[in-house]
Amino acid sequence: MAERAATCAGCGCGCDDIDVAVAAGALERASGTCVLGDAWLAERTGDAPPVARVDGREVDFADAVEASAAILGDARLPLVCGLGQTDCESQRAAVALAEAVGGVIDPTGPEVDGAAGAASQAIGVSTASFGELRDRAELVVTWLADPVTSNPRLLPRLRLDRAGRAAERTLVVIDARRTATADEADEFIELPPQLELQALWAMRALVRDVPLDRDLAARLPLDALERLAGRLRTCNYAALIYDAGLTTAYVNALGLLALVRDLARVAHVVALPLRHEGNARGAEDVLAWQTGYPAAVSFARGHPRARPGEFTAAELLARGETDAALIVGFDALRLLPPRAADHLRRIPTIVIDPRDTETGAGARVAFATAAAGVHRDGTAHRMDGVPVALRAPLPSDRVGDGDVLAAIEARVTRGEEP
Amino acid sequence: MLRIAQGRVYDPANGIDGEVRDVCLDGGRVVEELPSHAPRIDARGMVVMPGGVDIHSHIAGPAVNAARKLSPEEHRADVLDRTATTRSGTGGTVPSSFTTGYRYALLGYTTVVEAATPPLAARHTLAELRDTPIVDAAFLVLMGNNLSLFELIRDGGPVTEAVAWLLDAAGGYGVKLVNPGGVEMWKHGNRNVTSLDDQVEGLGVTPRRVLEAVATSVDELGLPHPVHVHCNNLGVAGNWRTTLDTLDALEGRRAHLAHVQFHAYGGTPGKRPRSSAPELVEHLAAHPEHSADVGQVMFGPATTMTVDAPVSALLREVTGGKWVNADLEAETGCGIVPFTYRERNYVHALQWAIGLELFLLSRDPWRVVLSTDHPNGGSFLSYPRLIRLLMDREFRNEQIGRVNKKAIRRTVLGDDLEREYTLGEIAIITRAGPARLLGLADKGHLGVGADADVTIYSEHEDREQMFATPRFVIKGGRVIVEEGELREAPAGDLLRVAVDHDEAIERTLAPLFEEHYSVQLANYPVREPWLLEPARRVPAGGGR
């Protein structure tokens with residue numbers, strides 16, 4: 001049995017201190033992982049479907065590439081989506097393919113950073129990497145976010161869990177209910193989610209010493225917010241953790257980033273968006289460097305145009321505007337909103353995924369690949385933007401997501417046989 | 001094989017100044033002679049120069065990418081379609097990666113140095129460079145606010161070994177210091193340092209100690225490029241004294257100052273700046289071990305993008321617009337503010353004028369070279385206009401007449417400086433000089449054995465037009481650009497330094513790493529071949 005180093009891409013934490021015990025080429029056990037990491041590994045080391053299938057039948061890889069190229073070539077507006085669970089190298093290949101077929105590409109996962117990303121494009125953002133939060137932040141506020149559930153190792157890695165937290169550091173949780181994260185906190189402030197914007201605006205007023213109409217703010221936990229604003233203003237380094245996947249209202253995301261900006265004028269304050277998928281951040285980064293835009297990009301006119309909403313995968317599908325879809329590493333049928341999933345069932349789909357998923361089973365063409373971070377080396381960007389190396393602790397004779405994408409692209413653009 | 005026949009050749013590194021002659025290319029190199037049947041470009045009446053070399057630009061990595069995300073408006077207004085040879089993209093002051101490569105090549109530039117990469121983010125920079133075609137690219141590794149280095153400097157530890165290790169771990173080319181100590185203090189409650197002898201709180205070092213230690217290490221290692229310094233107090237009135245202090249502290253050691261225009265302000269802090277360019281030019285003239293790129297400001301849109309995060313916070317207050325701050329553990333910070341330089345604005349006009357003063361007063365073009373600190377002072381696309389400002393006195397005076405008069409009075413530009421750069425001098429400040437300062441022996445010249453990177457311009461009285469659209473651009477012996485059109489877009493090489501280090505340094509760094517980083521030491525060095533190759537290793541001279 002051999003111990004091999006691994007990086008977990010089971011959520012946006014990108015924990016690179018995992019050890020995997022391997023015996024006879026198979027996973028024996030993993031140490032250092034959390035419950036999400038264990039599930040991530042298990043999904044990628046279970047029984048895999050055939051390498052390539054067309055209409056559920058096992059076919060040669062080349063035939064599946066051919067069928068994929070035909071689907072994309074015939075489509076009026078093909079969609080490329082998923083992407084948050086593959087490596088940056090494969091994401092690069094996905095953008096190239098989307099461009100080659102004149103399609104739309106949009107990173108799409110169970111939780112998407114639509115509103116928070118768009119808000120940060122509007123006003124900017126102050127942020128920091130994990131090490132800064134761990135070593136400098138005296139006061140950390142989780143804002144309608146529950147990292148203990150969504151990113152289980154985050155608080156321990158930032159030494160913010162109850163057991164690891166130094167006495168002089170404070171964790172405040174603001175949420176609709178007592179979450180698992182609240183159990184780790186020094187203070188819990190209950191805030192009904194429908195009051196989020198009001199609370200953010202009240203906080204901004206408190207931070208900026210703008211008079212507040214206390215009657216209008218009567219439903220807010222104003223005393224607690226006022227205390228919090230006072231602490232944020234006087235600390236040396238504070239951080240707000242929010243959940244990019246749950247921040248669905250643009251105006252709320254804007255309010256949160258505006259609050260951080262206001263605070264940054266009087267103290268050193270940063271915000272960290274939680275990401276649920278292992279490389280959701282990388283998907284946006286790759287798309288941004290290749291096209292200038294982080295999400296919702298259409299190549300239909302031969303150059304990139306971005307329009308969140310109009311070109312957002314779930315909305316495009318729900319409106320029935322796309323007539324073929326290529327989905328990378330995302331169980332879309334199970335996780336997209338019902339109307340979007342319904343349309344997906346009606347159009348030809350190509351699925352590239354190391355796992356056995358409902359979406360893969362229902363696809364016109366399905367490729368079962370070697371998994372990034374399990375069977376394939378690569379790069380992922382953590383939720384804080386730090387690039388980490390994905391390792392390949394287990395062997396595989398299969399190709400990776402990027403190889404499939406590149407083969408389809410070569411077939412589409414140059415007629416090359418795979 | 002390619003013969004560039006009978007062009008007017010400007011190859012200052014080899015003492016050729018406008019001589020009509022042939023340049024022969026074979027196997028990616030300049031060669032002595034070719035058989036007479038070799039394919040040829042008839043370059044009669046044209047100007048032939050080595051491919052351009054940009055010594056200081058921001059083209060790849062997390063800060064550049066954050067700036068891209070921040071400016072969708074700019075991208076919408078400037079799009080590139082996919083063609084049979086090129087990927088699509090968007091432009092603006094921070095173009096997408098493919099567009100960056102194409103546009104540099106279309107401008108006749110074949111080598112670009114990305115000037116600020118945190119080693120922790122090297123994988124990101126490297127991946128972007130892989131998607132930045134045509135140009136050979138190197139990057140500088142940020143070390144001016146590195147907590148592990150601070151501890152080694154404070155305790156008299158093996159700084160030189162650590163510098164070598166960091167360069168190798170990142171795949172970098174040279175060493176960059178940005179506001180040493182100041183970015184660390186920014187993370188201590190938004191503070192900064194204001195002089196070389198300020199304490200970096202709790203760390204037992206001063207900017208002076210960091211400068212001296214790292215510059216010494218760079219010299220000891222014999223790196224091809226000297227330590228590349230973005231001084232403390234960028235943008236502050238009166239900062240020329242800090243700049244001079246920095247140069248004095250580095251006397252006798254090689255050093256390159258980045259975008260010195262932003263560090264050449266007289267006056268008193270908090271008050272209106274004036275020019276102190278002449279004082280800095282004096283120093284540079286007297287110190288052959290020191291050099292600078294100008295960091296010219298050009299009127300119009302820019303994106304300020306800097307490791308010097310406290311400066312960005314000040315600019316945020318000036319514009320009231322978009323602002324990004326990003327703290328990176330143990331290494332650095334980052335600030336981004338989209339910005340527009342206006343002719344009528346006193347400070348902007350002064351900055352523009354100081355840049356021109358630096359160019360026009362400088363006596364040694366080999367050591368004061370062209371940059372706009374792209375995209376901070378303006379896009380690299382504005383280089384042709386800048387060249388015209390330097391070459392065409394009448395045009396320059398006309399432009400001086402348009403800008404804020406009070407600002408001009410604080411400079412010597414109002415004295416109607418006569419100097420006009422010659423084509424030979426332009427060839428120095430845009431290719432031969434930067435290549436020499438970078439220690440790239442195969443770049444920036446057309447001697448036998450040099451890289452076959454050549455730019456051919458049609459003569460034109462309007463120098464802006466001439467330099468904006470080269471007639472041919474040849475990279476590695478292949479004709480990439482013809483008549484302003486890209487013919488092909490091959491990948492460029494990564495240029496990285498080859499420098500040895502004692503393996504034992506990892507044992508010294510291990511506990512520091514454990515303390516300061518959220519990644520494992522074993523995963524920090526970039527070893528992935530697809531990120532590092534194809535590369536060319538430029539050996540350190542090895543003073544050791």
# chains A, B, ... in the order shown; residues from 1 in each chain; ligands from 1
$ select_by_dssp --residues "range 231-294 of chain A" --states "strand (DSSP E)" --output "PyMOL selection string"
chain A and resi 237-243+268-274
$ write_last_selection --atoms "C-alpha atoms" --output "PDB file, in the first residue's frame"
ATOM      1  CA  TYR A 237      -8.410  43.577  10.290  1.00  0.00           C
ATOM      2  CA  ALA A 238     -11.856  42.110   9.809  1.00  0.00           C
ATOM      3  CA  ALA A 239     -13.445  39.761   7.328  1.00  0.00           C
ATOM      4  CA  LEU A 240     -16.949  39.083   6.104  1.00  0.00           C
ATOM      5  CA  ILE A 241     -17.642  35.616   4.800  1.00  0.00           C
ATOM      6  CA  TYR A 242     -20.638  35.342   2.512  1.00  0.00           C
ATOM      7  CA  ASP A 243     -21.971  32.580   0.332  1.00  0.00           C
ATOM      8  CA  HIS A 268      -8.814  46.919   6.942  1.00  0.00           C
ATOM      9  CA  VAL A 269     -11.835  44.858   5.952  1.00  0.00           C
ATOM     10  CA  VAL A 270     -12.079  42.108   3.360  1.00  0.00           C
ATOM     11  CA  ALA A 271     -14.776  39.759   2.107  1.00  0.00           C
ATOM     12  CA  LEU A 272     -14.470  36.083   1.218  1.00  0.00           C
ATOM     13  CA  PRO A 273     -17.116  34.440  -0.974  1.00  0.00           C
ATOM     14  CA  LEU A 274     -17.735  30.764  -0.220  1.00  0.00           C
TER      15      LEU A 274
END
$ closest_atom_pairs --of "chain B" --to "chain A" --cutoff "7 Å" --atoms "only C-alpha atoms" --output "CSV"
residue,atom,partner,partner_atom,distance
B:Asn65,CA,A:Trp289,CA,5.9
B:Arg68,CA,A:Gly292,CA,5.4
B:Lys69,CA,A:Tyr293,CA,5.7
B:Leu70,CA,A:Gln121,CA,4.7
B:Pro72,CA,A:Tyr293,CA,6.7
B:His75,CA,A:Gly292,CA,6.5
B:Arg76,CA,A:Arg305,CA,6.9
B:Val79,CA,A:His303,CA,6.4
B:Leu80,CA,A:His303,CA,5.9
B:Asp81,CA,A:His303,CA,4.6
B:Arg82,CA,A:Gly302,CA,5.6
B:Ser88,CA,A:His303,CA,5.2
B:Gly89,CA,A:Thr291,CA,5.1
B:Thr90,CA,A:Gly292,CA,6.0
B:Pro95,CA,A:Gly292,CA,6.9
B:Ser96,CA,A:Gly292,CA,5.1
B:Ser97,CA,A:Trp289,CA,5.5
B:Phe98,CA,A:Gln290,CA,6.6
B:Ala121,CA,A:Pro387,CA,6.1
B:Arg123,CA,A:Pro387,CA,6.2
B:His124,CA,A:Pro387,CA,6.2
B:Glu128,CA,A:Trp289,CA,6.9
B:Lys187,CA,A:His268,CA,6.7
B:His188,CA,A:Asn236,CA,6.3
B:Gly189,CA,A:Asn236,CA,4.5
B:Asn190,CA,A:His268,CA,5.7
B:Gly321,CA,A:Ile123,CA,6.9
B:Lys322,CA,A:Ile123,CA,4.5
B:Trp323,CA,A:Gly124,CA,4.8
B:Val324,CA,A:Val125,CA,4.8
B:Asn325,CA,A:Ser126,CA,4.3
B:Ala326,CA,A:Thr127,CA,4.7
B:Asp327,CA,A:Ala128,CA,4.4
B:Leu328,CA,A:Ser129,CA,5.3
B:Glu329,CA,A:Glu132,CA,5.0
B:His516,CA,A:Gly131,CA,6.7
B:Tyr517,CA,A:Gly131,CA,5.6
B:Ser518,CA,A:Gly131,CA,5.2
B:Val519,CA,A:Asp16,CA,6.4
B:Gln520,CA,A:Asp16,CA,6.6
B:Asn523,CA,A:Ala389,CA,6.7
$ write_last_selection --atoms "C-alpha atoms" --output "mmCIF file, in the first residue's frame"
data_model
loop_
_atom_site.group_PDB
_atom_site.id
_atom_site.type_symbol
_atom_site.label_atom_id
_atom_site.label_comp_id
_atom_site.auth_asym_id
_atom_site.auth_seq_id
_atom_site.Cartn_x
_atom_site.Cartn_y
_atom_site.Cartn_z
ATOM 1 C CA ASN B 65 -7.468 39.095 -14.443
ATOM 2 C CA ARG B 68 -10.394 42.296 -16.714
ATOM 3 C CA LYS B 69 -13.427 41.267 -14.711
ATOM 4 C CA LEU B 70 -13.809 44.840 -13.517
ATOM 5 C CA PRO B 72 -16.917 44.777 -19.049
ATOM 6 C CA HIS B 75 -14.532 44.949 -23.495
ATOM 7 C CA ARG B 76 -17.903 45.546 -25.106
ATOM 8 C CA VAL B 79 -13.925 43.163 -29.757
ATOM 9 C CA LEU B 80 -11.873 40.815 -31.909
ATOM 10 C CA ASP B 81 -13.530 38.167 -34.034
ATOM 11 C CA ARG B 82 -12.290 34.648 -34.317
ATOM 12 C CA SER B 88 -11.488 35.835 -30.491
ATOM 13 C CA GLY B 89 -11.166 38.256 -27.623
ATOM 14 C CA THR B 90 -11.740 41.670 -26.191
ATOM 15 C CA PRO B 95 -7.227 42.930 -23.113
ATOM 16 C CA SER B 96 -8.022 39.237 -22.917
ATOM 17 C CA SER B 97 -4.969 36.986 -23.022
ATOM 18 C CA PHE B 98 -5.004 36.034 -26.721
ATOM 19 C CA ALA B 121 0.038 32.705 -7.767
ATOM 20 C CA ARG B 123 0.504 28.836 -11.638
ATOM 21 C CA HIS B 124 -2.118 31.382 -12.596
ATOM 22 C CA GLU B 128 -2.341 32.876 -18.733
ATOM 23 C CA LYS B 187 -2.441 44.963 6.057
ATOM 24 C CA HIS B 188 -1.814 46.401 9.536
ATOM 25 C CA GLY B 189 -4.861 48.658 9.660
ATOM 26 C CA ASN B 190 -4.396 50.384 6.286
ATOM 27 C CA GLY B 321 -15.364 54.486 -8.766
ATOM 28 C CA LYS B 322 -14.592 50.796 -8.917
ATOM 29 C CA TRP B 323 -11.916 49.485 -6.588
ATOM 30 C CA VAL B 324 -10.401 46.092 -5.958
ATOM 31 C CA ASN B 325 -8.186 45.169 -3.053
ATOM 32 C CA ALA B 326 -6.747 41.671 -2.678
ATOM 33 C CA ASP B 327 -4.404 40.663 0.139
ATOM 34 C CA LEU B 328 -2.245 37.634 -0.565
ATOM 35 C CA GLU B 329 -0.860 35.843 2.443
ATOM 36 C CA HIS B 516 2.571 31.859 7.088
ATOM 37 C CA TYR B 517 0.933 29.883 4.310
ATOM 38 C CA SER B 518 -2.332 28.050 3.785
ATOM 39 C CA VAL B 519 -0.799 25.708 1.200
ATOM 40 C CA GLN B 520 1.713 22.950 1.757
ATOM 41 C CA ASN B 523 2.816 21.907 -3.367
#
$ residues_around --residues "Thr359 in chain A" --least-positions-apart "6" --cutoff "10 Å" --atoms "only C-alpha atoms" --output "count of residues only"
17
$ residues_around --residues "Asp364 in chain B" --least-positions-apart "5" --cutoff "10 Å" --atoms "only C-alpha atoms" --output "list in words"
Val281, Leu284, Ala285, Pro288, Ser291, Phe359, Val369, Glu425, Ile428, Ile429 and Gly433 of chain B
$ closest_residue --among "B:Ala504, B:Met391, B:Val497, B:Val479" --to "Ile4 in chain B" --atoms "only C-alpha atoms"
B:Val479
$ atom_distance --atom1 "CA of Ala372 in chain A" --atom2 "CA of Ala70 in chain A"
26.5 Å
